[in-house]
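Structure data (PDB, C-alpha atoms and all ligand atoms) from input-v6.pdb:
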MODEL        1
ATOM      1  CA  MET A 522      56.431  49.894  -8.431
ATOM      2  CA  THR A 523      52.694  49.184  -8.227
ATOM      3  CA  ASP A 524      50.310  49.190 -11.217
ATOM      4  CA  ASP A 525      49.136  52.685 -10.356
ATOM      5  CA  GLY A 526      52.686  54.064 -10.397
ATOM      6  CA  PHE A 527      53.221  54.312  -6.653
ATOM      7  CA  GLN A 528      56.597  53.169  -5.387
ATOM      8  CA  ARG A 529      57.649  52.208  -1.899
ATOM      9  CA  VAL A 530      60.076  54.777  -0.500
ATOM     10  CA  ALA A 531      59.984  54.270   3.255
ATOM     11  CA  THR A 532      58.239  52.649   6.167
ATOM     12  CA  LEU A 533      56.309  54.527   8.831
ATOM     13  CA  THR A 534      58.952  53.467  11.314
ATOM     14  CA  ASP A 535      61.612  55.198   9.163
ATOM     15  CA  LEU A 536      59.827  58.495   9.687
ATOM     16  CA  PRO A 537      59.985  60.195  13.056
ATOM     17  CA  GLU A 538      56.837  62.151  13.890
ATOM     18  CA  GLN A 539      56.842  65.678  12.379
ATOM     19  CA  HIS A 540      60.461  65.492  11.278
ATOM     20  CA  PRO A 541      61.357  66.040   7.602
ATOM     21  CA  ILE A 542      63.255  63.113   6.072
ATOM     22  CA  GLY A 543      64.837  63.148   2.608
ATOM     23  CA  LYS A 544      64.266  60.173   0.301
ATOM     24  CA  SER A 545      64.866  59.395  -3.357
ATOM     25  CA  LEU A 546      62.429  58.052  -5.924
ATOM     26  CA  ALA A 547      63.495  55.319  -8.350
ATOM     27  CA  ASN A 548      64.137  57.944 -11.040
ATOM     28  CA  GLY A 549      66.600  59.732  -8.761
ATOM     29  CA  GLU A 550      64.207  62.579  -7.956
ATOM     30  CA  LYS A 551      64.629  63.676  -4.348
ATOM     31  CA  ILE A 552      61.701  64.378  -2.069
ATOM     32  CA  VAL A 553      61.075  65.112   1.579
ATOM     33  CA  LEU A 554      58.596  63.095   3.633
ATOM     34  CA  ILE A 555      56.888  64.370   6.775
ATOM     35  CA  ARG A 556      54.746  62.158   9.008
ATOM     36  CA  PHE A 557      51.870  63.304  11.190
ATOM     37  CA  GLY A 558      50.646  60.186  12.984
ATOM     38  CA  SER A 559      49.622  57.744  10.262
ATOM     39  CA  GLU A 560      49.458  60.497   7.604
ATOM     40  CA  VAL A 561      52.503  61.160   5.444
ATOM     41  CA  TYR A 562      53.078  64.061   3.067
ATOM     42  CA  ALA A 563      55.716  64.455   0.370
ATOM     43  CA  ILE A 564      57.156  67.733  -0.884
ATOM     44  CA  GLN A 565      59.915  68.713  -3.259
ATOM     45  CA  GLU A 566      63.483  68.472  -2.014
ATOM     46  CA  CYS A 567      64.373  72.166  -1.996
ATOM     47  CA  CYS A 568      62.666  75.392  -1.039
ATOM     48  CA  SER A 569      61.016  77.337  -3.861
ATOM     49  CA  HIS A 570      62.624  80.544  -2.622
ATOM     50  CA  ALA A 571      66.382  79.857  -2.922
ATOM     51  CA  ASP A 572      66.717  76.089  -3.186
ATOM     52  CA  PHE A 573      67.667  75.366   0.409
ATOM     53  CA  PRO A 574      67.046  71.743   1.449
ATOM     54  CA  MET A 575      63.616  71.383   3.042
ATOM     55  CA  GLU A 576      64.941  68.364   4.931
ATOM     56  CA  ASP A 577      66.616  70.904   7.211
ATOM     57  CA  GLY A 578      63.310  72.656   7.828
ATOM     58  CA  GLU A 579      61.202  72.439  10.943
ATOM     59  CA  ILE A 580      57.533  71.767  11.563
ATOM     60  CA  VAL A 581      56.273  74.900  13.304
ATOM     61  CA  ASP A 582      52.517  74.296  13.322
ATOM     62  CA  ASP A 583      50.054  71.624  12.200
ATOM     63  CA  TYR A 584      51.079  70.727   8.625
ATOM     64  CA  VAL A 585      53.324  73.798   8.351
ATOM     65  CA  ILE A 586      57.025  73.472   7.549
ATOM     66  CA  GLU A 587      59.421  76.374   7.885
ATOM     67  CA  CYS A 588      62.498  76.608   5.703
ATOM     68  CA  ALA A 589      65.702  76.785   7.738
ATOM     69  CA  LEU A 590      67.327  79.476   5.598
ATOM     70  CA  HIS A 591      64.929  82.441   5.418
ATOM     71  CA  ALA A 592      61.922  81.095   7.340
ATOM     72  CA  ALA A 593      59.394  80.824   4.498
ATOM     73  CA  GLN A 594      56.509  78.591   5.571
ATOM     74  CA  PHE A 595      54.526  76.105   3.502
ATOM     75  CA  ASP A 596      51.525  73.854   4.024
ATOM     76  CA  VAL A 597      52.879  70.352   3.424
ATOM     77  CA  ARG A 598      49.430  69.122   2.315
ATOM     78  CA  ASP A 599      49.315  71.181  -0.878
ATOM     79  CA  GLY A 600      52.639  73.041  -0.906
ATOM     80  CA  SER A 601      50.977  76.437  -0.616
ATOM     81  CA  VAL A 602      52.925  79.357   0.810
ATOM     82  CA  ILE A 603      51.933  80.348   4.342
ATOM     83  CA  ALA A 604      54.654  82.941   4.930
ATOM     84  CA  GLU A 605      57.075  84.781   2.657
ATOM     85  CA  PRO A 606      59.774  85.337   1.455
ATOM     86  CA  ALA A 607      58.774  82.424  -0.812
ATOM     87  CA  TRP A 608      55.895  83.108  -3.187
ATOM     88  CA  GLU A 609      55.899  79.942  -5.300
ATOM     89  CA  PRO A 610      54.317  76.839  -3.800
ATOM     90  CA  LEU A 611      56.260  73.651  -3.233
ATOM     91  CA  ARG A 612      55.565  70.701  -5.492
ATOM     92  CA  THR A 613      53.777  67.945  -3.602
ATOM     93  CA  TYR A 614      53.407  64.256  -4.360
ATOM     94  CA  GLU A 615      50.621  61.761  -3.834
ATOM     95  CA  VAL A 616      51.328  59.456  -0.907
ATOM     96  CA  LYS A 617      49.689  56.193   0.160
ATOM     97  CA  VAL A 618      50.264  54.339   3.396
ATOM     98  CA  ALA A 619      49.688  50.584   3.179
ATOM     99  CA  GLY A 620      50.340  48.879   6.487
ATOM    100  CA  ASP A 621      53.806  50.103   7.401
ATOM    101  CA  ALA A 622      54.796  50.908   3.813
ATOM    102  CA  VAL A 623      54.885  54.491   2.556
ATOM    103  CA  LEU A 624      54.354  54.743  -1.202
ATOM    104  CA  VAL A 625      54.791  57.834  -3.350
ATOM    105  CA  ARG A 626      53.667  58.406  -6.910
ATOM    106  CA  PRO A 627      56.183  60.343  -9.028
ATOM    107  CA  HIS A 628      54.695  63.016 -11.262
ATOM    108  CA  SER A 629      55.911  61.103 -14.314
ATOM    109  CA  ALA A 630      53.734  58.113 -13.306
ATOM    110  CA  ARG A 631      50.722  60.319 -12.634
ATOM    111  CA  ASP A 632      51.104  62.180 -15.910
ATOM    112  CA  ALA A 633      51.340  58.869 -17.807
ATOM    113  CA  LYS A 634      47.984  57.768 -16.362
ATOM    114  CA  GLU A 635      46.121  60.989 -17.159
TER     115      GLU A 635
HETATM  116  S1  LIG A 701      65.569  79.345   0.756
HETATM  117 FE1  LIG A 701      63.805  78.826   1.873
HETATM  118  S2  LIG A 701      63.062  80.736   2.562
HETATM  119 FE2  LIG A 701      64.794  81.233   1.390
ENDMDL
END

As structure tokens - that is how I would like this structure written.
Amino acid sequence: MTDDGFQRVATLTDLPEQHPIGKSLANGEKIVLIRFGSEVYAIQECCSHADFPMEDGEIVDDYVIECALHAAQFDVRDGSVIAEPAWEPLRTYEVKVAGDAVLVRPHSARDAKE
């Protein structure tokens, strides 16, 4: 873990373009990473509608992921709902890319700093 609480969870080469990949943080919390070129976004593991794994979702537009179960859509950049049936946003995580390393800051680390 770095001084600012970010932890390495993947490399860019682990992440196929626009394909959700599940990863775990050191505290066991599960997240889903999505890469768009050299940008990577991190969202909570399961859909806010009925807890279906977002790893099984599909990118249907720029920065938009669609849940595989009932087709709710979310903006991966801020977790906001684009299309119902979900109404609660997804939790997102801060991500840094350093060279090939993808680092994510758990909420617990962020909250400790603020
Ligand atoms: S569980 Fe994702 S839209 Fe219902």

Expected selection from the PyMOL selection byres (((chain A and resi 616) around 8) and not hetatm), given as a list of chain:residue names: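 When the PyMOL selection byres (((chain A and resi 616) around 8) and not hetatm) is applied, the selected residues are A:Phe527, A:Val561, A:Tyr562, A:Ala563, A:Tyr614, A:Glu615, A:Lys617, A:Val618, A:Val623, A:Leu624, A:Val625, A:Arg626.
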
Contacts of stretch 534-546 of chain A at 12 Å (only C-alpha atoms; same-chain gap of 5+ positions) as an NGL selection string: :A and (522 or 526-529 or 551-567 or 574-589 or 597 or 614 or 618 or 620-630)

Neighbourhood of ligand LIG 701 (chain A) at 7 Å, counting all atoms listed in the file, reported as a list in words: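 The neighbouring residues of ligand LIG 701 (chain A) are, in order, Cys568, Ser569, His570, Ala571, Asp572, Phe573, Cys588, Ala589, Leu590, His591, Ala592, Ala593, Pro606 and Ala607 of chain A.
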
Please dump the current selection as a tab-separated table (two decimals), in the frame of the given file; keep C-alpha atoms.
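After the write, selection_11.tsv holds the following:
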chain	number	residue	atom	x	y	z
A	568	CYS	CA	62.67	75.39	-1.04
A	569	SER	CA	61.02	77.34	-3.86
A	570	HIS	CA	62.62	80.54	-2.62
A	571	ALA	CA	66.38	79.86	-2.92
A	572	ASP	CA	66.72	76.09	-3.19
A	573	PHE	CA	67.67	75.37	0.41
A	588	CYS	CA	62.50	76.61	5.70
A	589	ALA	CA	65.70	76.78	7.74
A	590	LEU	CA	67.33	79.48	5.60
A	591	HIS	CA	64.93	82.44	5.42
A	592	ALA	CA	61.92	81.10	7.34
A	593	ALA	CA	59.39	80.82	4.50
A	606	PRO	CA	59.77	85.34	1.46
A	607	ALA	CA	58.77	82.42	-0.81

Atom-to-atom span, atom CA of A:Phe595 and atom CA of A:Thr523, Å: 29.4 Å

Pairwise distance for atom CA of A:Ala531 and atom CA of A:Thr613, rounded to one decimal in Å: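 These two atoms are separated by 16.5 Å.
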
Gap from atom CA of A:Glu609 to atom CA of A:Asp596 - Å, one decimal: 12.0 Å

Output: chain A of the preceding structure, restricted to C-alpha atoms, written as a short mmCIF file (atom, residue, chain, number, x, y, z; two decimals), in the first residue's frame.
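As a result, out-v4.cif now contains:
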data_model
loop_
_atom_site.label_atom_id
_atom_site.label_comp_id
_atom_site.auth_asym_id
_atom_site.auth_seq_id
_atom_site.Cartn_x
_atom_site.Cartn_y
_atom_site.Cartn_z
CA MET A 522 0.00 0.00 0.00
CA THR A 523 1.29 3.50 -0.78
CA ASP A 524 1.41 6.38 1.73
CA ASP A 525 -1.78 7.84 0.31
CA GLY A 526 -3.69 4.58 0.83
CA PHE A 527 -3.72 3.39 -2.77
CA GLN A 528 -3.01 -0.29 -3.30
CA ARG A 529 -1.95 -2.10 -6.43
CA VAL A 530 -4.74 -4.37 -7.65
CA ALA A 531 -3.92 -5.06 -11.28
CA THR A 532 -1.83 -4.13 -14.27
CA LEU A 533 -3.17 -2.50 -17.41
CA THR A 534 -2.33 -5.68 -19.27
CA ASP A 535 -4.62 -7.63 -16.88
CA LEU A 536 -7.55 -5.54 -18.06
CA PRO A 537 -8.98 -6.10 -21.51
CA GLU A 538 -10.36 -2.93 -23.08
CA GLN A 539 -13.95 -2.16 -21.98
CA HIS A 540 -14.41 -5.50 -20.25
CA PRO A 541 -15.38 -5.61 -16.55
CA ILE A 542 -12.91 -7.56 -14.41
CA GLY A 543 -13.47 -8.45 -10.75
CA LYS A 544 -10.63 -7.86 -8.27
CA SER A 545 -10.25 -7.86 -4.51
CA LEU A 546 -8.76 -5.19 -2.28
CA ALA A 547 -6.42 -6.15 0.58
CA ASN A 548 -9.32 -5.91 3.04
CA GLY A 549 -11.28 -8.49 1.05
CA GLU A 550 -13.65 -5.92 -0.46
CA LYS A 551 -14.51 -6.86 -4.03
CA ILE A 552 -14.57 -4.35 -6.85
CA VAL A 553 -14.90 -4.33 -10.61
CA LEU A 554 -12.37 -2.58 -12.84
CA ILE A 555 -13.12 -1.33 -16.35
CA ARG A 556 -10.43 0.03 -18.67
CA PHE A 557 -10.94 2.57 -21.43
CA GLY A 558 -7.54 3.00 -23.07
CA SER A 559 -5.20 4.17 -20.32
CA GLU A 560 -8.10 5.21 -18.04
CA VAL A 561 -9.39 2.74 -15.47
CA TYR A 562 -12.52 3.03 -13.35
CA ALA A 563 -13.53 1.02 -10.29
CA ILE A 564 -17.08 0.31 -9.16
CA GLN A 565 -18.66 -1.80 -6.46
CA GLU A 566 -18.87 -5.53 -7.03
CA CYS A 567 -22.64 -5.90 -7.28
CA CYS A 568 -25.48 -3.98 -8.86
CA SER A 569 -27.37 -1.58 -6.59
CA HIS A 570 -30.68 -2.94 -7.87
CA ALA A 571 -30.60 -6.63 -6.84
CA ASP A 572 -26.96 -7.42 -6.13
CA PHE A 573 -26.11 -9.12 -9.40
CA PRO A 574 -22.36 -9.20 -10.14
CA MET A 575 -21.35 -6.22 -12.26
CA GLU A 576 -18.43 -8.27 -13.56
CA ASP A 577 -21.01 -9.98 -15.77
CA GLY A 578 -22.18 -6.65 -17.14
CA GLU A 579 -21.39 -5.21 -20.53
CA ILE A 580 -20.12 -1.85 -21.71
CA VAL A 581 -22.87 -0.53 -23.96
CA ASP A 582 -21.70 3.04 -24.57
CA ASP A 583 -18.78 5.28 -23.62
CA TYR A 584 -18.34 4.84 -19.85
CA VAL A 585 -21.73 3.12 -19.51
CA ILE A 586 -22.04 -0.37 -18.05
CA GLU A 587 -25.24 -2.37 -18.27
CA CYS A 588 -26.12 -4.92 -15.62
CA ALA A 589 -26.62 -8.39 -17.07
CA LEU A 590 -29.69 -9.20 -14.98
CA HIS A 591 -32.26 -6.43 -15.54
CA ALA A 592 -30.32 -4.05 -17.80
CA ALA A 593 -29.89 -1.10 -15.43
CA GLN A 594 -27.16 1.20 -16.75
CA PHE A 595 -24.57 3.18 -14.80
CA ASP A 596 -21.85 5.70 -15.60
CA VAL A 597 -18.66 4.01 -14.40
CA ARG A 598 -17.01 7.41 -13.79
CA ASP A 599 -19.27 8.40 -10.90
CA GLY A 600 -21.62 5.43 -10.49
CA SER A 601 -24.68 7.45 -11.43
CA VAL A 602 -27.74 5.69 -12.79
CA ILE A 603 -28.29 6.12 -16.53
CA ALA A 604 -31.21 3.72 -16.91
CA GLU A 605 -33.58 2.04 -14.45
CA PRO A 606 -34.63 -0.28 -12.87
CA ALA A 607 -31.79 0.72 -10.51
CA TRP A 608 -32.21 4.06 -8.76
CA GLU A 609 -29.26 4.03 -6.36
CA PRO A 610 -25.85 4.86 -7.77
CA LEU A 611 -22.96 2.43 -7.65
CA ARG A 612 -20.13 3.13 -5.24
CA THR A 613 -16.99 4.13 -7.11
CA TYR A 614 -13.36 4.13 -6.04
CA GLU A 615 -10.43 6.40 -6.78
CA VAL A 616 -8.04 4.85 -9.27
CA LYS A 617 -4.49 5.80 -10.26
CA VAL A 618 -2.49 4.38 -13.13
CA ALA A 619 1.28 4.47 -12.62
CA GLY A 620 3.12 2.98 -15.56
CA ASP A 621 1.46 -0.40 -15.98
CA ALA A 622 0.23 -0.58 -12.38
CA VAL A 623 -3.42 0.06 -11.51
CA LEU A 624 -3.88 1.32 -7.95
CA VAL A 625 -7.16 1.72 -6.11
CA ARG A 626 -7.84 3.56 -2.88
CA PRO A 627 -10.30 1.78 -0.57
CA HIS A 628 -12.88 4.01 1.07
CA SER A 629 -11.43 3.14 4.48
CA ALA A 630 -8.07 4.66 3.43
CA ARG A 631 -9.73 7.77 2.01
CA ASP A 632 -11.88 8.26 5.08
CA ALA A 633 -8.81 7.94 7.33
CA LYS A 634 -7.09 10.78 5.45
CA GLU A 635 -10.04 13.18 5.56
#
